[in-house]
>>> print(open('my_file29.txt').read())   # compact mmCIF, C-alpha atoms and all ligand atoms
# COMPACT_ATOMS: atom_id res chain seq x y z
CA MET A 666 0.00 0.00 0.00
CA PRO A 667 2.00 2.96 -1.27
CA ASP A 668 -0.01 5.60 0.61
CA LYS A 669 1.33 4.18 3.84
CA TYR A 670 4.71 5.58 2.87
CA ILE A 671 5.55 9.21 3.27
CA HIS A 672 8.48 11.09 1.85
CA GLY A 673 10.68 13.88 2.99
CA THR A 674 14.23 14.80 3.84
CA ILE A 675 16.43 14.52 6.88
CA ASP A 676 19.45 16.79 6.83
CA GLY A 677 18.82 17.22 3.12
CA ILE A 678 18.84 13.50 2.38
CA LYS A 679 15.71 12.11 0.73
CA ILE A 680 13.95 9.32 2.56
CA SER A 681 10.67 7.39 2.38
CA VAL A 682 9.39 5.81 5.55
CA LEU A 683 6.28 4.10 6.78
CA LYS A 684 3.84 6.57 8.26
CA GLU A 685 4.19 6.77 12.08
CA THR A 686 7.93 6.05 12.01
CA THR A 687 9.58 8.23 14.62
CA ILE A 688 12.12 10.80 13.51
CA LEU A 689 14.74 8.99 15.56
CA SER A 690 14.14 5.65 13.80
CA ALA A 691 14.04 7.32 10.41
CA SER A 692 17.35 9.06 11.12
CA LYS A 693 18.89 5.76 12.18
CA LEU A 694 18.03 4.35 8.76
CA LEU A 695 20.22 7.06 7.29
CA ASP A 696 22.96 6.53 9.86
CA ILE A 697 22.34 10.00 11.21
CA ASN A 698 23.30 10.05 14.82
CA ILE A 699 21.01 11.78 17.31
CA PRO A 700 22.15 11.73 20.93
CA THR A 701 19.71 10.04 23.33
CA LEU A 702 19.72 9.29 27.03
CA CYS A 703 16.34 7.96 28.04
CA HIS A 704 15.64 6.07 24.83
CA HIS A 705 15.91 2.30 24.48
CA GLU A 706 14.95 0.24 21.45
CA GLY A 707 13.01 -2.21 23.56
CA LEU A 708 10.95 0.37 25.42
CA VAL A 709 8.02 2.56 24.53
CA PRO A 710 9.58 6.02 24.15
CA ASP A 711 8.89 8.31 27.06
CA GLY A 712 10.55 11.56 25.98
CA ASN A 713 12.02 12.44 29.34
CA CYS A 714 15.54 13.69 28.72
CA ARG A 715 14.73 15.95 25.73
CA LEU A 716 18.26 15.55 24.41
CA CYS A 717 17.13 14.03 21.12
CA THR A 718 15.49 17.30 20.07
CA VAL A 719 15.53 18.06 16.34
CA GLU A 720 13.85 20.52 14.03
CA ILE A 721 10.92 19.53 11.85
CA GLY A 722 9.72 22.28 9.56
CA SER A 723 10.52 25.21 11.80
CA LYS A 724 9.40 23.59 15.04
CA LEU A 725 11.49 21.76 17.60
CA ALA A 726 10.42 18.19 18.29
CA VAL A 727 11.55 15.36 20.52
CA SER A 728 12.69 12.88 17.90
CA CYS A 729 12.32 9.65 19.89
CA LEU A 730 8.59 10.36 20.32
CA TYR A 731 7.67 12.28 17.20
CA PRO A 732 5.90 10.16 14.58
CA LEU A 733 6.26 11.25 10.97
CA ARG A 734 2.74 11.62 9.58
CA GLU A 735 2.81 14.18 6.81
CA ASP A 736 4.31 14.00 3.39
CA ASN A 737 7.15 16.32 2.40
CA PHE A 738 8.60 16.61 5.86
CA THR A 739 11.90 18.38 6.35
CA VAL A 740 13.86 17.37 9.38
CA ASN A 741 17.05 19.04 10.46
CA THR A 742 19.11 17.35 13.12
CA LYS A 743 22.06 19.70 13.06
CA SER A 744 20.74 23.25 12.74
CA PRO A 745 21.93 26.02 15.11
CA LYS A 746 18.45 25.97 16.68
CA VAL A 747 18.82 22.27 17.47
CA HIS A 748 22.29 22.79 18.83
CA GLU A 749 21.05 25.56 21.08
CA ALA A 750 18.10 23.49 22.34
CA ARG A 751 20.38 20.59 23.21
CA ARG A 752 22.89 22.91 24.82
CA PHE A 753 20.13 24.25 27.05
CA VAL A 754 18.91 20.77 27.96
CA LEU A 755 22.46 19.75 28.78
CA SER A 756 23.01 22.79 30.98
CA LEU A 757 20.16 21.48 33.14
CA LEU A 758 21.31 17.86 32.97
CA ILE A 759 24.89 18.68 33.92
CA ALA A 760 23.64 20.61 36.95
CA ARG A 761 21.75 17.50 37.97
CA ALA A 762 24.43 14.97 37.09
CA PRO A 763 27.81 16.71 37.27
CA LYS A 764 29.76 13.49 37.74
CA ALA A 765 28.24 11.37 35.00
CA PRO A 766 30.89 10.79 32.30
CA ARG A 767 28.36 10.60 29.50
CA ILE A 768 26.75 13.90 30.47
CA ILE A 769 30.12 15.57 30.97
CA ALA A 770 31.19 14.53 27.48
CA LEU A 771 27.93 15.71 25.92
CA ALA A 772 28.01 19.00 27.79
CA LYS A 773 31.50 19.60 26.52
CA GLU A 774 30.50 18.74 22.97
CA TYR A 775 27.63 21.22 23.07
CA GLY A 776 29.42 23.83 25.16
CA ALA A 777 26.92 23.62 28.01
CA LEU A 778 27.73 25.07 31.42
CA PRO A 779 25.77 23.98 34.48
CA SER A 780 22.62 26.03 34.93
CA ASN A 781 22.25 27.76 38.26
CA ARG A 782 18.58 28.45 37.81
CA PHE A 783 17.64 25.62 40.10
CA LEU A 784 19.65 24.20 42.90
CA PRO A 785 18.94 20.52 42.84
CA GLU A 786 20.95 18.21 44.98
CA ALA A 787 23.33 16.92 42.41
CA ASP A 788 22.92 13.21 42.85
CA ASN A 789 23.71 12.14 39.29
CA CYS A 790 20.20 10.87 38.66
CA ILE A 791 18.41 12.73 35.86
CA ARG A 792 15.00 11.16 36.66
CA CYS A 793 14.57 9.85 33.16
CA GLY A 794 12.89 6.72 34.49
CA LYS A 795 14.67 4.40 32.06
CA CYS A 796 15.55 1.97 34.87
CA VAL A 797 11.96 1.88 36.09
CA ARG A 798 10.58 1.28 32.62
CA ILE A 799 13.09 -1.48 31.98
CA CYS A 800 12.27 -3.13 35.28
CA LYS A 801 8.61 -2.98 34.40
CA ILE A 802 8.95 -4.44 30.93
CA ASN A 803 11.02 -7.26 32.44
CA ARG A 804 7.98 -7.96 34.63
CA THR A 805 9.93 -7.57 37.84
CA GLU A 806 8.66 -4.06 38.58
CA ALA A 807 10.80 -3.91 41.68
CA ILE A 808 11.62 -0.19 41.64
CA SER A 809 9.58 2.90 40.92
CA LEU A 810 9.75 6.66 40.70
CA VAL A 811 8.35 7.96 43.95
CA GLY A 812 7.36 11.47 45.00
CA ARG A 813 6.78 14.58 42.98
CA GLY A 814 8.79 17.46 41.63
CA PRO A 815 12.20 17.97 43.21
CA GLU A 816 11.55 15.16 45.68
CA ARG A 817 11.14 12.51 43.02
CA ILE A 818 13.51 9.59 43.41
CA VAL A 819 13.96 6.06 42.13
CA THR A 820 13.62 3.61 44.97
CA GLY A 821 12.38 0.26 46.15
CA PRO A 822 9.09 0.15 48.08
CA PHE A 823 9.24 1.87 51.48
CA LEU A 824 12.64 3.32 50.57
CA LYS A 825 14.13 -0.09 51.25
CA PRO A 826 16.15 -2.47 49.06
CA PRO A 827 13.60 -3.71 46.51
CA GLU A 828 12.41 -7.15 47.55
CA ASP A 829 11.11 -8.06 44.09
CA CYS A 830 14.53 -7.41 42.54
CA ILE A 831 16.08 -10.52 40.99
CA GLY A 832 19.48 -8.96 40.40
CA CYS A 833 19.30 -8.94 36.60
CA LEU A 834 21.26 -5.64 36.34
CA ALA A 835 19.07 -4.41 33.48
CA CYS A 836 18.57 -1.10 35.28
CA GLY A 837 22.20 -0.60 36.21
CA LEU A 838 23.59 -1.49 32.80
CA ASN A 839 21.22 0.89 31.05
CA CYS A 840 21.35 3.88 33.36
CA PRO A 841 22.54 6.77 31.16
CA THR A 842 24.42 8.38 34.03
CA GLY A 843 25.77 5.17 35.53
CA ASN A 844 24.09 6.04 38.78
CA ILE A 845 22.91 2.58 39.79
CA PRO A 846 26.01 0.92 41.21
CA PHE A 847 26.39 -2.85 41.08
CA ARG A 848 29.23 -5.28 41.40
CA GLU A 849 30.15 -8.92 41.33
CA LYS A 850 32.62 -10.44 43.71
CA ASP A 851 33.26 -13.97 44.97
CA GLY A 852 30.13 -15.36 43.37
CA ILE A 853 27.93 -12.61 44.83
CA ARG A 854 26.22 -9.93 42.80
CA SER A 855 25.20 -6.76 44.62
CA ILE A 856 22.77 -4.09 43.48
CA TRP A 857 20.22 -1.86 45.21
CA GLY A 858 21.56 -2.83 48.61
CA ARG A 859 20.87 -6.49 48.00
CA ASN A 860 23.20 -9.45 47.53
CA PHE A 861 22.49 -12.33 45.19
CA ASN A 862 24.24 -15.67 44.90
CA LEU A 863 25.38 -16.44 41.39
CA VAL A 864 24.70 -19.96 40.15
CA PRO A 865 27.73 -21.52 38.44
CA CYS A 866 27.36 -23.40 35.15
CA PRO A 867 27.65 -27.11 36.04
CA GLU A 868 29.96 -27.62 33.04
CA CYS A 869 32.50 -24.78 33.11
CA GLY A 870 31.73 -23.03 36.37
CA THR A 871 31.08 -19.59 34.84
CA ALA A 872 28.49 -17.79 36.92
CA LEU A 873 26.19 -15.64 34.84
CA PHE A 874 22.81 -15.62 36.54
CA THR A 875 21.46 -15.20 40.01
CA LYS A 876 19.34 -17.89 41.56
CA GLU A 877 16.43 -15.46 41.58
CA GLU A 878 16.83 -14.79 37.86
CA LEU A 879 16.76 -18.48 37.02
CA ASP A 880 13.67 -18.97 39.16
CA PHE A 881 11.94 -15.95 37.67
CA HIS A 882 12.59 -16.96 34.08
CA LYS A 883 11.79 -20.63 34.59
CA GLU A 884 10.30 -20.89 31.08
CA PHE A 885 13.64 -20.41 29.39
CA ALA A 886 16.14 -20.88 32.09
CA ALA A 887 18.82 -23.46 31.50
CA ASP A 888 21.37 -24.78 33.95
CA TYR A 889 24.22 -24.26 31.53
CA CYS A 890 25.88 -21.04 30.48
CA PRO A 891 25.18 -20.11 26.82
CA THR A 892 28.56 -21.37 25.61
CA CYS A 893 28.25 -24.77 27.26
CA ARG A 894 24.63 -25.01 26.23
CA ARG A 895 25.60 -24.47 22.61
CA LYS A 896 28.27 -27.12 22.92
CA LYS A 897 25.84 -29.51 24.51
CA ILE A 898 23.22 -29.01 21.83
CA ALA A 899 25.85 -29.48 19.14
CA GLY A 900 27.02 -32.63 20.93
CA ASP A 901 23.48 -33.95 21.14
CA LEU A 902 22.94 -33.31 17.45
CA LEU A 903 26.15 -35.11 16.63
CA ASN A 904 25.06 -38.08 18.70
CA CYS A 905 21.73 -38.15 16.91
CA GLN A 906 23.48 -38.11 13.59
CA ASN A 907 25.78 -40.91 14.62
CA LEU A 908 22.83 -42.92 15.75
CA LEU A 909 21.08 -42.30 12.47
CA VAL A 910 24.15 -43.24 10.49
CA ARG A 911 24.56 -46.40 12.48
CA SER A 912 20.95 -47.43 12.15
CA ASN A 913 21.14 -47.04 8.38
CA MET B 1284 3.03 -2.40 64.25
CA PRO B 1285 -0.33 -0.68 64.16
CA ASP B 1286 -3.51 -2.52 64.98
CA LEU B 1287 -4.95 -3.45 61.61
CA HIS B 1288 -8.00 -5.30 62.88
CA SER B 1289 -10.50 -3.99 60.34
CA LEU B 1290 -8.18 -4.00 57.36
CA SER B 1291 -9.74 -7.06 55.75
CA GLU B 1292 -13.18 -5.47 56.02
CA ILE B 1293 -11.88 -2.36 54.29
CA LEU B 1294 -10.28 -4.39 51.53
CA LEU B 1295 -13.31 -6.60 51.00
CA SER B 1296 -15.56 -3.57 50.74
CA ARG B 1297 -14.27 -3.06 47.19
CA PRO B 1298 -13.71 -5.56 44.38
CA ASN B 1299 -10.13 -6.73 43.93
CA LYS B 1300 -9.50 -4.83 40.72
CA PRO B 1301 -6.47 -2.60 40.12
CA VAL B 1302 -8.74 0.40 39.49
CA GLU B 1303 -9.75 0.26 43.16
CA LEU B 1304 -6.21 1.06 44.29
CA LEU B 1305 -6.75 4.71 45.06
CA ALA B 1306 -10.20 4.26 46.54
CA LEU B 1307 -8.88 1.63 48.92
CA MET B 1308 -5.92 3.78 49.86
CA GLN B 1309 -8.28 6.59 50.77
CA LEU B 1310 -10.32 4.25 52.94
CA ILE B 1311 -7.17 3.01 54.67
CA GLN B 1312 -5.92 6.56 55.13
CA ALA B 1313 -9.28 7.58 56.61
CA LYS B 1314 -9.23 4.68 59.03
CA TYR B 1315 -5.66 4.78 60.32
CA ARG B 1316 -4.78 8.39 59.42
CA TYR B 1317 -1.88 7.08 57.37
CA LEU B 1318 -0.96 4.16 55.18
CA PRO B 1319 0.83 1.61 57.34
CA GLU B 1320 3.41 -0.50 55.52
CA GLU B 1321 1.63 -3.73 56.45
CA ALA B 1322 -1.63 -2.39 55.09
CA LEU B 1323 -0.01 -1.48 51.77
CA ARG B 1324 1.48 -4.95 51.54
CA GLU B 1325 -1.94 -6.51 52.10
CA LEU B 1326 -3.43 -4.11 49.59
CA ALA B 1327 -0.82 -4.99 46.96
CA SER B 1328 -1.46 -8.69 47.32
CA TYR B 1329 -5.24 -8.20 47.38
CA LEU B 1330 -5.14 -6.29 44.10
CA LYS B 1331 -2.26 -8.40 42.74
CA LEU B 1332 -0.22 -5.30 42.02
CA PRO B 1333 3.54 -4.97 42.39
CA LEU B 1334 4.51 -3.38 45.67
CA SER B 1335 6.60 -0.79 43.87
CA ARG B 1336 3.56 0.52 42.02
CA VAL B 1337 1.46 0.69 45.16
CA PHE B 1338 4.24 2.55 46.93
CA ALA B 1339 4.66 5.00 44.05
CA VAL B 1340 0.95 5.85 44.13
CA ALA B 1341 1.04 6.21 47.91
CA GLY B 1342 3.92 8.67 47.59
CA PHE B 1343 2.30 10.71 44.83
CA TYR B 1344 -0.83 12.12 46.42
CA LYS B 1345 -0.72 14.76 49.11
CA ALA B 1346 -3.91 13.39 50.64
CA LEU B 1347 -2.11 10.15 51.40
CA SER B 1348 0.55 9.84 54.03
CA LEU B 1349 3.13 7.23 54.90
CA THR B 1350 3.59 8.54 58.43
CA PRO B 1351 0.80 8.88 61.01
CA LYS B 1352 -1.14 12.12 60.83
CA GLY B 1353 -2.62 13.94 63.80
CA GLU B 1354 -6.26 13.58 64.78
CA LYS B 1355 -6.85 17.08 63.50
CA LEU B 1356 -5.46 18.30 60.21
CA VAL B 1357 -4.63 21.99 60.02
CA LYS B 1358 -3.96 23.16 56.48
CA VAL B 1359 -2.61 26.55 55.55
CA CYS B 1360 -3.49 27.51 52.04
CA CYS B 1361 -0.41 28.64 50.12
CA GLY B 1362 -2.15 29.00 46.77
CA THR B 1363 -1.61 32.10 44.68
CA ALA B 1364 -4.35 34.25 46.21
CA CYS B 1365 -3.50 33.26 49.77
CA HIS B 1366 0.19 33.65 49.11
CA LEU B 1367 -0.39 37.23 48.00
CA LYS B 1368 -2.55 37.88 51.04
CA GLY B 1369 0.18 36.75 53.40
CA ALA B 1370 -0.05 32.97 53.76
CA ARG B 1371 3.58 32.93 54.88
CA GLN B 1372 2.77 35.00 57.96
CA ILE B 1373 -0.22 32.83 58.75
CA GLN B 1374 1.99 29.78 58.44
CA GLY B 1375 4.55 31.32 60.77
CA ALA B 1376 1.90 32.25 63.32
CA LEU B 1377 0.46 28.75 63.23
CA GLU B 1378 3.86 27.15 63.59
CA GLU B 1379 4.51 29.28 66.60
CA LYS B 1380 1.15 28.64 68.17
CA LEU B 1381 1.08 24.89 67.54
CA LYS B 1382 4.80 24.48 68.21
CA ILE B 1383 5.24 22.32 65.14
CA LYS B 1384 6.69 23.08 61.76
CA LEU B 1385 4.87 22.79 58.46
CA GLY B 1386 4.57 19.13 57.50
CA GLU B 1387 4.99 17.93 61.08
CA THR B 1388 2.72 16.19 63.54
CA GLY B 1389 2.75 17.05 67.22
CA ALA B 1390 4.37 14.54 69.55
CA ASP B 1391 0.98 13.84 71.15
CA GLY B 1392 -0.48 12.92 67.75
CA LYS B 1393 -3.29 15.45 68.11
CA LEU B 1394 -2.42 17.88 65.34
CA SER B 1395 -0.74 17.97 61.97
CA LEU B 1396 0.17 21.13 60.11
CA GLU B 1397 0.24 21.09 56.34
CA SER B 1398 0.12 23.38 53.39
CA VAL B 1399 -2.26 23.07 50.46
CA ASN B 1400 -2.31 24.84 47.14
CA CYS B 1401 -5.70 26.52 46.85
CA VAL B 1402 -8.82 25.14 48.45
CA GLY B 1403 -11.09 26.99 46.05
CA ALA B 1404 -12.04 29.78 48.42
CA CYS B 1405 -9.73 32.48 47.10
CA ALA B 1406 -12.21 35.27 47.86
CA LEU B 1407 -11.66 34.49 51.54
CA ALA B 1408 -7.85 34.54 51.32
CA PRO B 1409 -5.83 33.91 53.35
CA VAL B 1410 -7.48 30.64 54.19
CA VAL B 1411 -6.87 28.00 56.86
CA MET B 1412 -8.66 24.66 56.87
CA ILE B 1413 -9.15 22.55 59.94
CA ASP B 1414 -10.28 19.10 58.93
CA GLU B 1415 -13.18 19.86 56.61
CA THR B 1416 -13.95 23.37 57.86
CA VAL B 1417 -12.71 26.44 56.02
CA PHE B 1418 -11.70 29.59 57.90
CA GLY B 1419 -11.29 32.67 55.74
CA LYS B 1420 -9.78 36.14 56.18
CA THR B 1421 -7.32 34.89 58.73
CA THR B 1422 -4.64 37.09 60.26
CA PRO B 1423 -1.66 36.16 62.43
CA LYS B 1424 -3.72 37.66 65.28
CA ASN B 1425 -7.14 36.07 64.84
CA ILE B 1426 -5.55 32.70 64.23
CA GLY B 1427 -5.50 32.31 67.99
CA GLU B 1428 -9.28 32.32 68.09
CA LEU B 1429 -9.67 29.35 65.75
CA PRO B 1430 -11.10 26.31 67.50
CA LEU B 1431 -7.81 24.53 67.20
CA LEU B 1432 -7.05 22.96 70.47
CA THR B 1433 -10.44 21.85 71.61
S1 LIG C 1501 15.92 10.18 24.11
FE1 LIG C 1501 14.27 11.32 23.36
S2 LIG C 1501 13.71 12.39 25.11
FE2 LIG C 1501 15.26 11.15 25.89
S1 LIG C 1502 -5.34 30.37 46.94
FE1 LIG C 1502 -6.03 29.90 48.91
S2 LIG C 1502 -8.07 29.38 48.52
FE2 LIG C 1502 -7.35 29.75 46.53
>>> encode(input="my_file29.txt", output="structure tokens", more="lines below")
Ligand code: FES
Ligand code: FES
Amino acid sequence: MPDKYIHGTIDGIKISVLKETTILSASKLLDINIPTLCHHEGLVPDGNCRLCTVEIGSKLAVSCLYPLREDNFTVNTKSPKVHEARRFVLSLLIARAPKAPRIIALAKEYGALPSNRFLPEADNCIRCGKCVRICKINRTEAISLVGRGPERIVTGPFLKPPEDCIGCLACGLNCPTGNIPFREKDGIRSIWGRNFNLVPCPECGTALFTKEELDFHKEFAADYCPTCRRKKIAGDLLNCQNLLVRSN
Amino acid sequence: MPDLHSLSEILLSRPNKPVELLALMQLIQAKYRYLPEEALRELASYLKLPLSRVFAVAGFYKALSLTPKGEKLVKVCCGTACHLKGARQIQGALEEKLKIKLGETGADGKLSLESVNCVGACALAPVVMIDETVFGKTTPKNIGELPLLT
């Protein structure tokens, strides 16, 4: 159905995309890089960090959220207006997260100095909620954003270590400011003030998952680490083949 | 741990559907004057909702509290109209009179002092509310005559 496609340009390059494609996805198709913090391919976009701002027509738009709907669109991801918008966003983000390497690098790139308009406690969390959304889509939903306005924080229920946490690290690995510390030592994984025992692969001893993770994902959990599992499956196949050959 | 004797009655008074979350929280708040942790745990398992979501909702609304509130709730309106008419002074006078700060509850558990943002009686600004009663045209002076400590 050709009318489902719309046409336009991004940074002067012609492109045709399915209607409803976001500007961010369309730009990716052209290998045009737009900086993002709160975006994740596997999540419904939430538009919290505002860093992915671009220009469509003469308006500014948040590219991770903005669906292309009209023909003959012109998107500009590098105009001075875009640069200025991102610089402003970064001046707020750097005030909030002055120690986050990613934010420091971006602020430098865009020439953003920390804003002094607000005086937040700089705790390196930009409240983008990516961790919470990831935890939710993983069905653990152990942490949430609690409180309003300047008091908003990410926490486990009752401000305690989250009891529904299975130690999967999805939040920590995806935090754009690296503000969710975790570590692994002597077969113990620690995150959110909790410690989890890692279960070693019975074949090679590599410990990749926590006991809680294996229990939670019973449907696809295996005892073996992926490498050993692959070897085992290959071995099984080989055995089958041998059997078949022999029975012939 | 608080005495939660009638909690199951409260819970069973509404169907166990997620949409009942807020309604049940209000009932629990009305009964115990706050949302005890144990009650929220029961509520979460009754509605089959993750504890984190229940806690987030509990933390979002000003009408809900995670710490015990006083028997009487004194609210100073700090909305725009009241602010312009001197809500700050009213707040100061109340803090002095009640010997508690905004957001606190007296040690005897009798009174809590809070701020609200507009109670919809701007013509009477500055406004103080005690439980469900509105007192308008307050001044740091006449605040003493409010039936606060009865
Ligand atoms: S990535 Fe688009 S708003 Fe954060
Ligand atoms: S601002 Fe106080 S009643 Fe409206």
>>> closest_atom_pairs(input="my_file29.txt", of="chain A", to="chain B", cutoff="6 Å", atoms="only C-alpha atoms", output="Markdown table")
| residue | atom | partner | partner_atom | distance |
| --- | --- | --- | --- | --- |
| A:Ala807 | CA | B:Ser1335 | CA | 5.7 |
| A:Ile808 | CA | B:Ser1335 | CA | 5.5 |
| A:Ser809 | CA | B:Ser1335 | CA | 5.6 |
| A:Val811 | CA | B:Ala1339 | CA | 4.7 |
| A:Gly812 | CA | B:Phe1343 | CA | 5.1 |
| A:Pro822 | CA | B:Ser1335 | CA | 5.0 |
>>> atom_distance(input="my_file29.txt", atom1="atom CA of Leu903 of chain A", atom2="atom CA of Pro865 of chain A")
25.7 Å
>>> residues_near_point(input="my_file29.txt", point="(-15.0, -2.2, 59.3)", cutoff="12 Å", atoms="all atoms listed in the file", output="list in words")
Leu1287, His1288, Ser1289, Leu1290, Ser1291, Glu1292, Ile1293, Leu1294, Leu1295, Ser1296, Leu1310, Ile1311, Ala1313, Lys1314 and Tyr1315 of chain B
>>> closest_residue(input="my_file29.txt", among="B:Thr1350, B:Gln1372, B:Thr1422, B:Asn1400", to="ligand LIG 1502 (chain C)", atoms="all atoms listed in the file")
B:Asn1400
>>> residues_near_ligand(input="my_file29.txt", ligand="ligand LIG 1502 (chain C)", cutoff="12 Å", atoms="only C-alpha atoms and all ligand atoms", output="MDAnalysis selection string")
chainID B and resid 1358:1371 1373 1398:1412 1417:1421
>>> write_last_selection(input="my_file29.txt", atoms="C-alpha atoms", output="PDB file, in the frame of the given file")
ATOM      1  CA  LYS B1358      -3.960  23.160  56.480  1.00  0.00           C
ATOM      2  CA  VAL B1359      -2.610  26.550  55.550  1.00  0.00           C
ATOM      3  CA  CYS B1360      -3.490  27.510  52.040  1.00  0.00           C
ATOM      4  CA  CYS B1361      -0.410  28.640  50.120  1.00  0.00           C
ATOM      5  CA  GLY B1362      -2.150  29.000  46.770  1.00  0.00           C
ATOM      6  CA  THR B1363      -1.610  32.100  44.680  1.00  0.00           C
ATOM      7  CA  ALA B1364      -4.350  34.250  46.210  1.00  0.00           C
ATOM      8  CA  CYS B1365      -3.500  33.260  49.770  1.00  0.00           C
ATOM      9  CA  HIS B1366       0.190  33.650  49.110  1.00  0.00           C
ATOM     10  CA  LEU B1367      -0.390  37.230  48.000  1.00  0.00           C
ATOM     11  CA  LYS B1368      -2.550  37.880  51.040  1.00  0.00           C
ATOM     12  CA  GLY B1369       0.180  36.750  53.400  1.00  0.00           C
ATOM     13  CA  ALA B1370      -0.050  32.970  53.760  1.00  0.00           C
ATOM     14  CA  ARG B1371       3.580  32.930  54.880  1.00  0.00           C
ATOM     15  CA  ILE B1373      -0.220  32.830  58.750  1.00  0.00           C
ATOM     16  CA  SER B1398       0.120  23.380  53.390  1.00  0.00           C
ATOM     17  CA  VAL B1399      -2.260  23.070  50.460  1.00  0.00           C
ATOM     18  CA  ASN B1400      -2.310  24.840  47.140  1.00  0.00           C
ATOM     19  CA  CYS B1401      -5.700  26.520  46.850  1.00  0.00           C
ATOM     20  CA  VAL B1402      -8.820  25.140  48.450  1.00  0.00           C
ATOM     21  CA  GLY B1403     -11.090  26.990  46.050  1.00  0.00           C
ATOM     22  CA  ALA B1404     -12.040  29.780  48.420  1.00  0.00           C
ATOM     23  CA  CYS B1405      -9.730  32.480  47.100  1.00  0.00           C
ATOM     24  CA  ALA B1406     -12.210  35.270  47.860  1.00  0.00           C
ATOM     25  CA  LEU B1407     -11.660  34.490  51.540  1.00  0.00           C
ATOM     26  CA  ALA B1408      -7.850  34.540  51.320  1.00  0.00           C
ATOM     27  CA  PRO B1409      -5.830  33.910  53.350  1.00  0.00           C
ATOM     28  CA  VAL B1410      -7.480  30.640  54.190  1.00  0.00           C
ATOM     29  CA  VAL B1411      -6.870  28.000  56.860  1.00  0.00           C
ATOM     30  CA  MET B1412      -8.660  24.660  56.870  1.00  0.00           C
ATOM     31  CA  VAL B1417     -12.710  26.440  56.020  1.00  0.00           C
ATOM     32  CA  PHE B1418     -11.700  29.590  57.900  1.00  0.00           C
ATOM     33  CA  GLY B1419     -11.290  32.670  55.740  1.00  0.00           C
ATOM     34  CA  LYS B1420      -9.780  36.140  56.180  1.00  0.00           C
ATOM     35  CA  THR B1421      -7.320  34.890  58.730  1.00  0.00           C
TER      36      THR B1421
END
>>> residues_near_ligand(input="my_file29.txt", ligand="ligand LIG 1501 (chain C)", cutoff="7 Å", atoms="all atoms listed in the file", output="PyMOL selection string")
chain A and resi 701-704+711-718+727-730
>>> atom_distance(input="my_file29.txt", atom1="atom CA of Leu873 of chain A", atom2="atom CA of Thr892 of chain A")
11.1 Å
>>> residues_around(input="my_file29.txt", residues="Ser780 of chain A", least_positions_apart="2", cutoff="6 Å", atoms="only C-alpha atoms", output="ChimeraX atom specification")
/A:756-757,760,782
>>> residues_around(input="my_file29.txt", residues="Leu778 of chain A", least_positions_apart="3", cutoff="8 Å", atoms="all atoms listed in the file", output="PyMOL selection string")
chain A and resi 755-756+759+772
>>> axis_aligned_box(input="my_file29.txt", around="segment 1414-1424 of chain B", padding_each_side="4 Å", output="AutoDock Vina command-line options")
--center_x -7.8 --center_y 28.4 --center_z 60.5 --size_x 20.3 --size_y 26.6 --size_z 17.5
